Structures are given as structure tokens and as C-alpha cells.
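Trainee: My questions will all concern the structure given below.
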There are 2 protein chains.
Amino acid sequence: MSDPLAPGATIGILGGGQLGRMLSVAASRLGFRCHIYEPGANPPAADVAHHVTTAPYDDTAALAAFAASVDVVTYEFENVPTAALDQIEALRPIRPNRRALAISQDRIAEKDFLSGLGLQTAPYHAVTTAADLDAAIAAIGTPAILKTTRLGYDGKGQARILTRADAPAALAAMNGAPSVLEGFVHFEREVSVIAARGLTGEVAAYDPGENVHRAGILHTTTVPATLTPAQRTDAVLIAARILNALDYVGVLGVELFVTPQGLLVNEIAPRVHNSGHWTQNGCAVDQFEQHIRAVAGWPLGDGKRHSDVTMLNLIGADMDQVPRLARESQTALHLYGKAEVKPGRKMGHVNRITGPAR
Amino acid sequence: MSDPLAPGATIGILGGGQLGRMLSVAASRLGFRCHIYEPGANPPAADVAHHVTTAPYDDTAALAAFAASVDVVTYEFENVPTAALDQIEALRPIRPNRRALAISQDRIAEKDFLSGLGLQTAPYHAVTTAADLDAAIAAIGTPAILKTTRLGYDGKGQARILTRADAPAALAAMNGAPSVLEGFVHFEREVSVIAARGLTGEVAAYDPGENVHRAGILHTTTVPATLTPAQRTDAVLIAARILNALDYVGVLGVELFVTPQGLLVNEIAPRVHNSGHWTQNGCAVDQFEQHIRAVAGWPLGDGKRHSDVTMLNLIGADMDQVPRLARESQTALHLYGKAEVKPGRKMGHVNRITGPAR
């Protein structure tokens, strides 16, 4: 299937969180329907989807029915089990492709891939045993951070090693899982590039956004980022190199550290990304529609920005600010419809339009 | 119920067309769910609604279940039968209120109401019999247009009277329905004001848009309209006067003719309006979210525009232009997911961002 999908086609989305919710809304603007596959009950995406399947990822009958009902499959998070993907891929194209997903699911594979492209990353060293960890600390030094190679949830599966004395406890926290020791990077700022590659290979990128985190969770993204013209160009070229190397179709989020030694790739996400939410109120074609355009084989938007924007995440009790935020001029609310407020839970975001694009 | 609705509440929408579709999307941004009530199968709004009831407006059990499942009811078109509204209103608030709906459903009631506010309209005269029509023509002159007082669909229930000789055929075309003869207005341009009034009485208006029709259907709306500062102020004040007189809650569309004698009110629509679609890409809070904010008892957006926009409707075979339009920079597609293309059918629209707000 390489022809563009016609309006009326159905896009399958694995995962029903807020990213699936906003993808489904964007798909509706192009006349597409979305079918959400999500193990959890009452997912945010269900409020705005044509169809929802509530089933676990090992329900082969549900997966088969899901795949049969859609024209193409995409996903809103990286932790879809391999067997489910195998089953779906036998029936329908999965975009972005499996390689992008496999690489982003494994920290060592990701860093090996990025290094292989000649891109800078934080120093890293594979660790399974105490002897590995000793060798890794000897190579990288402290402070460093030990992480399971497979993606953890909500910062789980991570332990800081400030001195060698922390090593045994850190290793124990990995529970025997294959891990990677990463050196700390002293960076001036973190930026991210939201870029897309279409089915015919064209690439489009939004201008990089500057990210500020609080307690390990993205707090704000501001566009434009504070970057020199050369850094801005570098950032976009790095994203394009990754997209092309992966023969990627869809939107990719690339987190970069700005350091005196140049840009380091912190992490890639094979999907729409929280740091690209600003595009909803800064661009004619936002990252969600851009992703849908790519997976549907449509031409991409060019990434041009009409307005400068600061995106502010609403985490947990930040929901108390909604009545005040609703009164702010030039501020767009985006709430996710999650019934329960929990500490650290992403409940919504606001995009503050700060002026015409500079 | 005068407290603002909390996120998670459900808004009932009577009608499942493209306006309901875009209202449901806007509601999702504020964390609300929508329940669509629509007699027709597979309505456009169903693709993005939490729940859909497919039932006729005389199904009292379906209406009761619908009303019981929602917190407030609004509507996306004016032709909801009175008995259905009576039944719903006994259970849940209907916003905008019944008076606004009743007035907009009847051309004579609407013009009497507008005249009573001291606003100018086209000359008009009630007609039921041939004698009435003779008197009306004597009073208003020709050319004129005879219309049924109750709203017709797609320009049905209308007949032009260019000379007195056309009168008998025009009257026959009304099929005995109560009618109104309206004089032709020679206007320089048509503009419309999209304005809103909140539950606490505050009013907010978007800058007027300039409308161009083709074959009786809206073709483009351009913002800003070509108006003098005095005309711009007049237009907004007219809308505000109507909103306040009706104790209105929600978005109202007001079509105005610009004439050398000042602004004439052509028509009011107690709902979001095609000529306000530009707000989706010109404002942080668009007309759909503004309507949802009002009916939910939330503070209104201030109507400020960040970008100038030209909205182009895609009617019938205009859908063939979609592949080309998808490649245009700074152009946002909004397709309605209608399966069948028919001549004269509104299939979607595009908003072309023409620059920062002037």
C-alpha cells in the first residue's frame, strides 16, 4: 500500500493515552477515522475515536479484528509487545517501522545506532554483572546513572551512582535486568526537534523547542529555542539523518543536549512528543496532523510556524490552575479527560501564544 | 445549574453534522465528553464523539436517556422539533435558550425581534394569501423574494419575484405555508459577526469576517473584513445588543449587509456558524471552543486574533482539490468525513493563514 489513504480510511492507533487522543482529533481534520487499541478501560483517546478496542496485547483474536478493520497502524508509545506487532504486521503496514521501534525500546541499541551515524551521545557502557559495572565506572567515571536497557515507566529502572559506594545498591535496583551506565552530561540547555519523514522520503522539521524539566518531567517547551543559527541547523540535520537512516515514516522526537562540544542526542522517540505540543497553536499543520499525514502517505506540512509559543504541562495538581488559565488571553487549553488526578500524571497542557513568529 | 461544568462532564449535542463534529473536538480540549443525538446514520460527529444516539426526534425514550446522560444540552442546527426540546428542557438546561431558537426558526419573529431592538433589516411583509402578496408587493416593490417563514433546507421554500407576473407561481411554490416577502437589499458587502455571551453575561466577539457566496452557499470568509472603524464597532455592538436582549448563552452568528444606509441584519443563527470557521486557525480560542465554554459556564476567550485568515469552503466536487490544498503552505484542512460527495454538499473547508493579525 503506497497510495495515499483517501479520506474515510481508518487509522489504527496502538495506545489510547493523550497522544492517541490528539492524533485521533488530527486525523478527523483530514477526514480519517481512528480505531484505538488499548488494554486499559476508558482511555483518553476513547472520547474522540470512531472505535475503541479494549483488550490486552496478547489477545490474538482482538488484534486480528483490529488489524482487519484498519488501513494502516501506528502507535503512540514504545512499549508494544513484539508478538503483537508481529501479528499486526502480517496484516497491515505499521508506521513508523519496526526497526525504529526496536531501537527506541533498547537504550544500548539506540546509542549504538546513533554512534554509528557519527552522532554524539552521553558516554555509555553495557552492564549486567557487578564486574561489568566496575568496568563501566572505570571507563565513564562518576557521577553516572544506571538504567535498564529496556524502557522503564515513570523513571523506574533508574539509579544514580554519585560515588563508587552507590554501585551495589544501584545494581540491585536493576533486578538482574540488562542495564546501561550513562555518564552525566553537563549541558547548557535541552532542546528537541520534532521532525517528520513522509512515505516518499521527504523530510520536514519544526524549529527546535527549548525544554525545561521539573522533577524529571517536562515542564515547559519554548519556541524559538535559544540557539545560534549553526546550532539550529545542526539540530535539524541530526534529526534528518536519523529519519533517513531508519527509512522512517511519521513524526520523530529527538531530544538534544546543547554543550560546548556541540549537540548530543539524549533520546529519540518514534512518535509525536510532548515537546511538540506547541505546534497545535503555532503551526497550520501540527505534529499530530503531520504524523497522520506521514502514516497516511500524504504530503507533509512544511513545519512553518506562524506564532511563537510556550507550552506548559499541567501535571497532577496543576489542574487546580485551570480556572485561572481559562481566563488568560492568547492561551489555549488542552486537557486530556483523565478522570483521576495523580501526582506526576500528565493531565493536560496549555499553549501560550507569545507573539508572531520571530 | 450555574456552576461551571468540571472537566469530565458530558455535553449533549442535538445534531451530528460537521458543526457537531467540530464542537465535539473543541469540547475534548477542555476535558469534556460529548453525546451526539442524531436521527441519521453515521453522522460526521460520530467519528469524534464519546457517545452517539441514533434515533428520531420523536423517540421519547431515546430523548429521555440522552438527557439523563448529559449535564447540559446544546444544538448545532435550528430545526429541532419543539416537542423534543420540551422533553429535554424538563430534565436539563438547553443553551442557547429556547427563545433564541424560536426566533431564529421563524423569519417573521426574527425580523420583528430585530426591528424591536431598533436594528435595520430588509423590508418584509407577512404573506399567506394572494391578497397578502398583492399588498406586500405594493408595500415593498419588486424585485423581492418570497420565503416560507419556517426555515427551509438548502434554499428550498424560496421563490424570486422579479415582477408582479411572478407572484402567482411564487405563492404556489410556498404550498400554502405561512410566508414572508422580503425586499432585495443592495449591499456593498456581507460581513458576519461571531459573538458569544457567557452564563454570567459577559460578551466577547471576534472581528467581523467578510463573506462571499457562490450559488447561494458561503464560498469564502476573509478576516479582517473591509470595514471602516465605525462600521466594525457598529457590527460588534449590534451582535452584543442581540445577545443581551435574548439573555443568550453560547455563540451566535449575525449576518450583516453593509449598505450606504448603514448595517442591516440579514439573519441570525443561534449556533456556531460557517463564517466563523476561520477562528480555528486565527485564534487561541476558536468559535467551537467559545460555544462550549459558554454552555459549560466557563469564562469566554476574548476573541483576539493572532493571524489573518481566509476560509474557503469545499463544496461537492471541490474535494478533488484536496491533494493540491494539502501541499499548500500555511493552509489548514478541515474535512468532515462525509462518505458521499454531492453537489452543494459542504464536505470541508480550508483556512489559509495570510499573515499576522493586522
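Ordered as shown in the C-alpha cells, chains take letters A, B, and onward, while each chain numbers its residues from 1 and ligands are numbered from 1 in the order shown.
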Give me, as a PDB file with N, CA and C atoms, in the first residue's frame, all polymer residues having an atom no more than 10 Å from Pro323 (chain A), counting only C-alpha atoms and skipping those fewer than 6 positions away in the same chain.

Mentor:
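Produced file part.pdb, reproduced below:
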```
ATOM      1  N   PRO B   4     -19.730  26.375  36.908  1.00  0.00           N
ATOM      2  CA  PRO B   4     -19.087  25.873  35.682  1.00  0.00           C
ATOM      3  C   PRO B   4     -19.023  24.347  35.710  1.00  0.00           C
ATOM      4  N   ALA B   6     -17.337  20.866  35.431  1.00  0.00           N
ATOM      5  CA  ALA B   6     -15.966  20.402  35.642  1.00  0.00           C
ATOM      6  C   ALA B   6     -15.537  19.533  34.464  1.00  0.00           C
ATOM      7  N   TRP B 298     -18.161  28.372  31.536  1.00  0.00           N
ATOM      8  CA  TRP B 298     -16.751  28.757  31.695  1.00  0.00           C
ATOM      9  C   TRP B 298     -16.553  30.205  31.250  1.00  0.00           C
ATOM     10  N   PRO B 299     -15.420  30.807  31.665  1.00  0.00           N
ATOM     11  CA  PRO B 299     -15.099  32.135  31.126  1.00  0.00           C
ATOM     12  C   PRO B 299     -14.871  32.037  29.617  1.00  0.00           C
TER      13      PRO B 299
END
```

Trainee: Might you pull out every residue within 7 Å of Arg107 (chain B), with only C-alpha atoms counted and same-chain residues fewer than 4 positions away left off, and present them as a PDB file with N, CA, C and O atoms, in the first residue's frame?

Mentor:
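Written file, result.pdb:
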```pdb
ATOM      1  N   LYS B 111     -37.406  38.942  12.332  1.00  0.00           N
ATOM      2  CA  LYS B 111     -37.349  40.331  11.870  1.00  0.00           C
ATOM      3  C   LYS B 111     -38.110  41.251  12.821  1.00  0.00           C
ATOM      4  O   LYS B 111     -37.683  42.393  13.055  1.00  0.00           O
ATOM      5  N   THR B 149     -41.940  31.172   6.233  1.00  0.00           N
ATOM      6  CA  THR B 149     -41.427  31.767   7.473  1.00  0.00           C
ATOM      7  C   THR B 149     -40.591  30.782   8.267  1.00  0.00           C
ATOM      8  O   THR B 149     -39.637  31.165   8.931  1.00  0.00           O
ATOM      9  N   ARG B 150     -40.978  29.499   8.213  1.00  0.00           N
ATOM     10  CA  ARG B 150     -40.167  28.480   8.881  1.00  0.00           C
ATOM     11  C   ARG B 150     -38.963  28.187   7.996  1.00  0.00           C
ATOM     12  O   ARG B 150     -39.028  28.279   6.780  1.00  0.00           O
TER      13      ARG B 150
END
```

Trainee: Please return, as number ranges by chain, all residues of chain B lying within 6 Å of chain A when only C-alpha atoms are considered.

Mentor: B: 8, 29-31, 47-50, 284, 330-332, 334-337

Trainee: Tell me, as a PyMOL selection string, which residues lie within 12 Å of Ile217 (chain B), counting only C-alpha atoms; anything in the same chain fewer than 5 positions away does not count.

Mentor: chain B and resi 153-155+211-212+274-275+312-316+343-346

Trainee: So which residues of region 46-242 of chain B fall under strand (DSSP E or B) by DSSP, listed as a count of residues only?

Mentor: 56

Trainee: Contacts of Pro96 (chain A) at 6 Å or less, counting only C-alpha atoms, minus same-chain residues fewer than 5 places along, as a tab-separated table (two decimals) with N, CA and C atoms, in the first residue's frame?

Mentor:
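Contents of selection-v6.tsv, as written:
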```tsv
chain	number	residue	atom	x	y	z
A	248	TYR	N	12.38	6.08	7.93
A	248	TYR	CA	11.30	6.34	8.88
A	248	TYR	C	10.10	6.96	8.18
A	249	VAL	N	8.90	6.62	8.65
A	249	VAL	CA	7.67	7.27	8.18
A	249	VAL	C	6.86	7.70	9.40
A	250	GLY	N	6.72	9.00	9.59
A	250	GLY	CA	5.97	9.52	10.73
A	250	GLY	C	6.75	10.63	11.40
```

Trainee: With distances taken over only C-alpha atoms, which of A:Leu133, A:Ala294, A:Val203, A:Leu85 is nearest to Ala169 (chain A)?

Mentor: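 Checking each of A:Leu133, A:Ala294, A:Val203, A:Leu85 against Ala169 (chain A), counting only C-alpha atoms, the winner is A:Leu133.
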
Trainee: Would you mind listing what lies within 12 Å of Asp59 (chain A) as a list in words, with only C-alpha atoms counted and same-chain residues fewer than 2 positions away left out?

Mentor: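 Using only C-alpha atoms, the neighbours found are Tyr37, Glu38, Pro39, Thr53, Thr54, Ala55, Pro56, Tyr57, Ala61, Ala62, Leu63, Ala64, Ala65, Phe66, Pro81, Ala83, Ala84, Gln87 and Ile88 of chain A.
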
Trainee: Would you save the residues from that selection as a short mmCIF file (atom, residue, chain, number, x, y, z; two decimals), in the first residue's frame, using C-alpha atoms?

Mentor:
```cif
data_model
loop_
_atom_site.label_atom_id
_atom_site.label_comp_id
_atom_site.auth_asym_id
_atom_site.auth_seq_id
_atom_site.Cartn_x
_atom_site.Cartn_y
_atom_site.Cartn_z
CA TYR A 37 -6.40 -0.41 20.66
CA GLU A 38 -5.81 -0.03 24.37
CA PRO A 39 -5.69 -2.55 27.22
CA THR A 53 -10.94 -1.99 21.28
CA THR A 54 -10.34 -2.68 24.96
CA ALA A 55 -8.14 -5.77 25.08
CA PRO A 56 -4.69 -6.81 26.24
CA TYR A 57 -1.81 -7.05 23.80
CA ALA A 61 -8.39 -12.51 18.29
CA ALA A 62 -8.76 -8.85 19.25
CA LEU A 63 -5.52 -7.97 17.49
CA ALA A 64 -6.64 -9.75 14.32
CA ALA A 65 -10.01 -7.99 14.32
CA PHE A 66 -8.32 -4.66 14.98
CA PRO A 81 4.99 -6.23 22.80
CA ALA A 83 4.42 -10.61 19.37
CA ALA A 84 1.51 -8.18 18.96
CA GLN A 87 0.73 -10.37 14.29
CA ILE A 88 -0.40 -6.93 13.13
#
```

Trainee: Where does DSSP see helix (DSSP H, G or I) in region 201-270 of chain A, if you list the residues as a PDB file with all heavy atoms, in the first residue's frame?

Mentor:
```pdb
ATOM      1  N   PRO A 229      22.361  30.238  14.952  1.00  0.00           N
ATOM      2  CA  PRO A 229      21.893  29.702  13.665  1.00  0.00           C
ATOM      3  C   PRO A 229      22.565  28.375  13.327  1.00  0.00           C
ATOM      4  O   PRO A 229      21.916  27.456  12.817  1.00  0.00           O
ATOM      5  CB  PRO A 229      22.271  30.807  12.672  1.00  0.00           C
ATOM      6  CG  PRO A 229      22.265  32.063  13.493  1.00  0.00           C
ATOM      7  CD  PRO A 229      22.768  31.658  14.850  1.00  0.00           C
ATOM      8  N   ALA A 230      23.848  28.239  13.652  1.00  0.00           N
ATOM      9  CA  ALA A 230      24.551  26.988  13.330  1.00  0.00           C
ATOM     10  C   ALA A 230      23.994  25.827  14.151  1.00  0.00           C
ATOM     11  O   ALA A 230      23.806  24.717  13.636  1.00  0.00           O
ATOM     12  CB  ALA A 230      26.043  27.153  13.599  1.00  0.00           C
ATOM     13  N   GLN A 231      23.712  26.087  15.421  1.00  0.00           N
ATOM     14  CA  GLN A 231      23.141  25.026  16.265  1.00  0.00           C
ATOM     15  C   GLN A 231      21.766  24.608  15.760  1.00  0.00           C
ATOM     16  O   GLN A 231      21.410  23.430  15.759  1.00  0.00           O
ATOM     17  CB  GLN A 231      23.030  25.517  17.714  1.00  0.00           C
ATOM     18  CG  GLN A 231      24.374  25.616  18.436  1.00  0.00           C
ATOM     19  CD  GLN A 231      24.245  26.306  19.778  1.00  0.00           C
ATOM     20  OE1 GLN A 231      23.411  27.203  19.961  1.00  0.00           O
ATOM     21  NE2 GLN A 231      25.097  25.916  20.722  1.00  0.00           N
ATOM     22  N   ARG A 232      20.996  25.610  15.336  1.00  0.00           N
ATOM     23  CA  ARG A 232      19.645  25.328  14.840  1.00  0.00           C
ATOM     24  C   ARG A 232      19.728  24.416  13.609  1.00  0.00           C
ATOM     25  O   ARG A 232      18.997  23.431  13.500  1.00  0.00           O
ATOM     26  CB  ARG A 232      18.953  26.657  14.526  1.00  0.00           C
ATOM     27  CG  ARG A 232      17.538  26.543  14.061  1.00  0.00           C
ATOM     28  CD  ARG A 232      16.833  27.908  14.090  1.00  0.00           C
ATOM     29  NE  ARG A 232      16.297  28.184  15.407  1.00  0.00           N
ATOM     30  CZ  ARG A 232      16.709  29.138  16.229  1.00  0.00           C
ATOM     31  NH1 ARG A 232      17.687  29.953  15.860  1.00  0.00           N
ATOM     32  NH2 ARG A 232      16.166  29.293  17.413  1.00  0.00           N
ATOM     33  N   THR A 233      20.637  24.765  12.728  1.00  0.00           N
ATOM     34  CA  THR A 233      20.817  23.945  11.521  1.00  0.00           C
ATOM     35  C   THR A 233      21.295  22.545  11.889  1.00  0.00           C
ATOM     36  O   THR A 233      20.783  21.538  11.385  1.00  0.00           O
ATOM     37  CB  THR A 233      21.834  24.620  10.583  1.00  0.00           C
ATOM     38  OG1 THR A 233      21.369  25.942  10.288  1.00  0.00           O
ATOM     39  CG2 THR A 233      21.991  23.835   9.290  1.00  0.00           C
ATOM     40  N   ASP A 234      22.279  22.484  12.783  1.00  0.00           N
ATOM     41  CA  ASP A 234      22.788  21.180  13.231  1.00  0.00           C
ATOM     42  C   ASP A 234      21.660  20.315  13.784  1.00  0.00           C
ATOM     43  O   ASP A 234      21.581  19.115  13.490  1.00  0.00           O
ATOM     44  CB  ASP A 234      23.812  21.374  14.366  1.00  0.00           C
ATOM     45  CG  ASP A 234      25.215  21.538  13.835  1.00  0.00           C
ATOM     46  OD1 ASP A 234      25.392  21.504  12.605  1.00  0.00           O
ATOM     47  OD2 ASP A 234      26.129  21.702  14.667  1.00  0.00           O
ATOM     48  N   ALA A 235      20.835  20.910  14.612  1.00  0.00           N
ATOM     49  CA  ALA A 235      19.775  20.150  15.284  1.00  0.00           C
ATOM     50  C   ALA A 235      18.852  19.508  14.254  1.00  0.00           C
ATOM     51  O   ALA A 235      18.498  18.325  14.351  1.00  0.00           O
ATOM     52  CB  ALA A 235      18.986  21.074  16.223  1.00  0.00           C
ATOM     53  N   VAL A 236      18.479  20.298  13.265  1.00  0.00           N
ATOM     54  CA  VAL A 236      17.554  19.783  12.253  1.00  0.00           C
ATOM     55  C   VAL A 236      18.242  18.733  11.379  1.00  0.00           C
ATOM     56  O   VAL A 236      17.649  17.706  11.025  1.00  0.00           O
ATOM     57  CB  VAL A 236      16.990  20.956  11.417  1.00  0.00           C
ATOM     58  CG1 VAL A 236      16.221  20.440  10.211  1.00  0.00           C
ATOM     59  CG2 VAL A 236      16.096  21.837  12.290  1.00  0.00           C
ATOM     60  N   LEU A 237      19.534  18.949  11.077  1.00  0.00           N
ATOM     61  CA  LEU A 237      20.251  17.965  10.255  1.00  0.00           C
ATOM     62  C   LEU A 237      20.417  16.635  10.991  1.00  0.00           C
ATOM     63  O   LEU A 237      20.355  15.566  10.384  1.00  0.00           O
ATOM     64  CB  LEU A 237      21.612  18.521   9.838  1.00  0.00           C
ATOM     65  CG  LEU A 237      21.558  19.654   8.803  1.00  0.00           C
ATOM     66  CD1 LEU A 237      22.963  20.161   8.487  1.00  0.00           C
ATOM     67  CD2 LEU A 237      20.864  19.184   7.523  1.00  0.00           C
ATOM     68  N   ILE A 238      20.625  16.711  12.296  1.00  0.00           N
ATOM     69  CA  ILE A 238      20.723  15.471  13.091  1.00  0.00           C
ATOM     70  C   ILE A 238      19.418  14.684  12.986  1.00  0.00           C
ATOM     71  O   ILE A 238      19.408  13.472  12.745  1.00  0.00           O
ATOM     72  CB  ILE A 238      21.049  15.810  14.568  1.00  0.00           C
ATOM     73  CG1 ILE A 238      22.515  16.245  14.688  1.00  0.00           C
ATOM     74  CG2 ILE A 238      20.750  14.618  15.477  1.00  0.00           C
ATOM     75  CD1 ILE A 238      22.872  16.820  16.064  1.00  0.00           C
ATOM     76  N   ALA A 239      18.312  15.390  13.148  1.00  0.00           N
ATOM     77  CA  ALA A 239      17.008  14.710  13.067  1.00  0.00           C
ATOM     78  C   ALA A 239      16.811  14.095  11.682  1.00  0.00           C
ATOM     79  O   ALA A 239      16.353  12.954  11.554  1.00  0.00           O
ATOM     80  CB  ALA A 239      15.883  15.703  13.386  1.00  0.00           C
ATOM     81  N   ALA A 240      17.180  14.833  10.651  1.00  0.00           N
ATOM     82  CA  ALA A 240      17.001  14.333   9.287  1.00  0.00           C
ATOM     83  C   ALA A 240      17.872  13.108   9.037  1.00  0.00           C
ATOM     84  O   ALA A 240      17.446  12.143   8.387  1.00  0.00           O
ATOM     85  CB  ALA A 240      17.336  15.439   8.285  1.00  0.00           C
ATOM     86  N   ARG A 241      19.093  13.114   9.594  1.00  0.00           N
ATOM     87  CA  ARG A 241      19.981  11.967   9.402  1.00  0.00           C
ATOM     88  C   ARG A 241      19.372  10.715  10.045  1.00  0.00           C
ATOM     89  O   ARG A 241      19.410   9.620   9.474  1.00  0.00           O
ATOM     90  CB  ARG A 241      21.357  12.278  10.005  1.00  0.00           C
ATOM     91  CG  ARG A 241      22.432  11.354   9.438  1.00  0.00           C
ATOM     92  CD  ARG A 241      23.813  11.633  10.005  1.00  0.00           C
ATOM     93  NE  ARG A 241      24.158  13.051  10.003  1.00  0.00           N
ATOM     94  CZ  ARG A 241      25.256  13.540  10.579  1.00  0.00           C
ATOM     95  NH1 ARG A 241      26.112  12.726  11.192  1.00  0.00           N
ATOM     96  NH2 ARG A 241      25.509  14.830  10.549  1.00  0.00           N
ATOM     97  N   ILE A 242      18.810  10.894  11.237  1.00  0.00           N
ATOM     98  CA  ILE A 242      18.182   9.757  11.930  1.00  0.00           C
ATOM     99  C   ILE A 242      16.987   9.250  11.126  1.00  0.00           C
ATOM    100  O   ILE A 242      16.827   8.044  10.915  1.00  0.00           O
ATOM    101  CB  ILE A 242      17.761  10.178  13.355  1.00  0.00           C
ATOM    102  CG1 ILE A 242      18.999  10.516  14.195  1.00  0.00           C
ATOM    103  CG2 ILE A 242      16.927   9.078  14.015  1.00  0.00           C
ATOM    104  CD1 ILE A 242      18.692  11.193  15.521  1.00  0.00           C
ATOM    105  N   LEU A 243      16.139  10.165  10.666  1.00  0.00           N
ATOM    106  CA  LEU A 243      14.942   9.769   9.907  1.00  0.00           C
ATOM    107  C   LEU A 243      15.319   8.973   8.660  1.00  0.00           C
ATOM    108  O   LEU A 243      14.728   7.931   8.374  1.00  0.00           O
ATOM    109  CB  LEU A 243      14.149  11.014   9.486  1.00  0.00           C
ATOM    110  CG  LEU A 243      13.394  11.750  10.584  1.00  0.00           C
ATOM    111  CD1 LEU A 243      12.922  13.112  10.076  1.00  0.00           C
ATOM    112  CD2 LEU A 243      12.203  10.930  11.072  1.00  0.00           C
ATOM    113  N   ASN A 244      16.321   9.470   7.936  1.00  0.00           N
ATOM    114  CA  ASN A 244      16.710   8.797   6.691  1.00  0.00           C
ATOM    115  C   ASN A 244      17.350   7.443   6.969  1.00  0.00           C
ATOM    116  O   ASN A 244      17.080   6.465   6.264  1.00  0.00           O
ATOM    117  CB  ASN A 244      17.646   9.691   5.881  1.00  0.00           C
ATOM    118  CG  ASN A 244      16.885  10.861   5.249  1.00  0.00           C
ATOM    119  OD1 ASN A 244      15.725  10.729   4.887  1.00  0.00           O
ATOM    120  ND2 ASN A 244      17.542  12.012   5.135  1.00  0.00           N
ATOM    121  N   ALA A 245      18.178   7.394   8.019  1.00  0.00           N
ATOM    122  CA  ALA A 245      18.867   6.137   8.332  1.00  0.00           C
ATOM    123  C   ALA A 245      17.869   5.045   8.699  1.00  0.00           C
ATOM    124  O   ALA A 245      18.113   3.858   8.468  1.00  0.00           O
ATOM    125  CB  ALA A 245      19.854   6.350   9.469  1.00  0.00           C
TER     126      ALA A 245
END
```

Trainee: Might you pull out every residue within 7 Å of region 174-191 of chain A, with only C-alpha atoms counted and same-chain residues fewer than 6 positions away left off, and present them as a PyMOL selection string?

Mentor: chain A and resi 108+122-128+136+140+143-149+157+208-211+225+255-259

Trainee: So that I can check the surroundings of Thr142 (chain B), please list as number ranges by chain every protein, DNA and RNA residue that reaches within 7 Å of it, counting only C-alpha atoms and ignoring chain neighbours fewer than 6 positions away.

Mentor: B: 161-163

Trainee: Please write the residues from the selection above to a file, keeping C-alpha atoms, as a compact mmCIF listing (two decimals), in the first residue's frame.

Mentor:
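Writing the result to selection22.txt gives the following:
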```
# COMPACT_ATOMS: atom_id res chain seq x y z
CA ILE B 161 -40.44 37.76 -7.65
CA LEU B 162 -38.84 39.94 -10.29
CA THR B 163 -42.13 41.41 -11.49
```
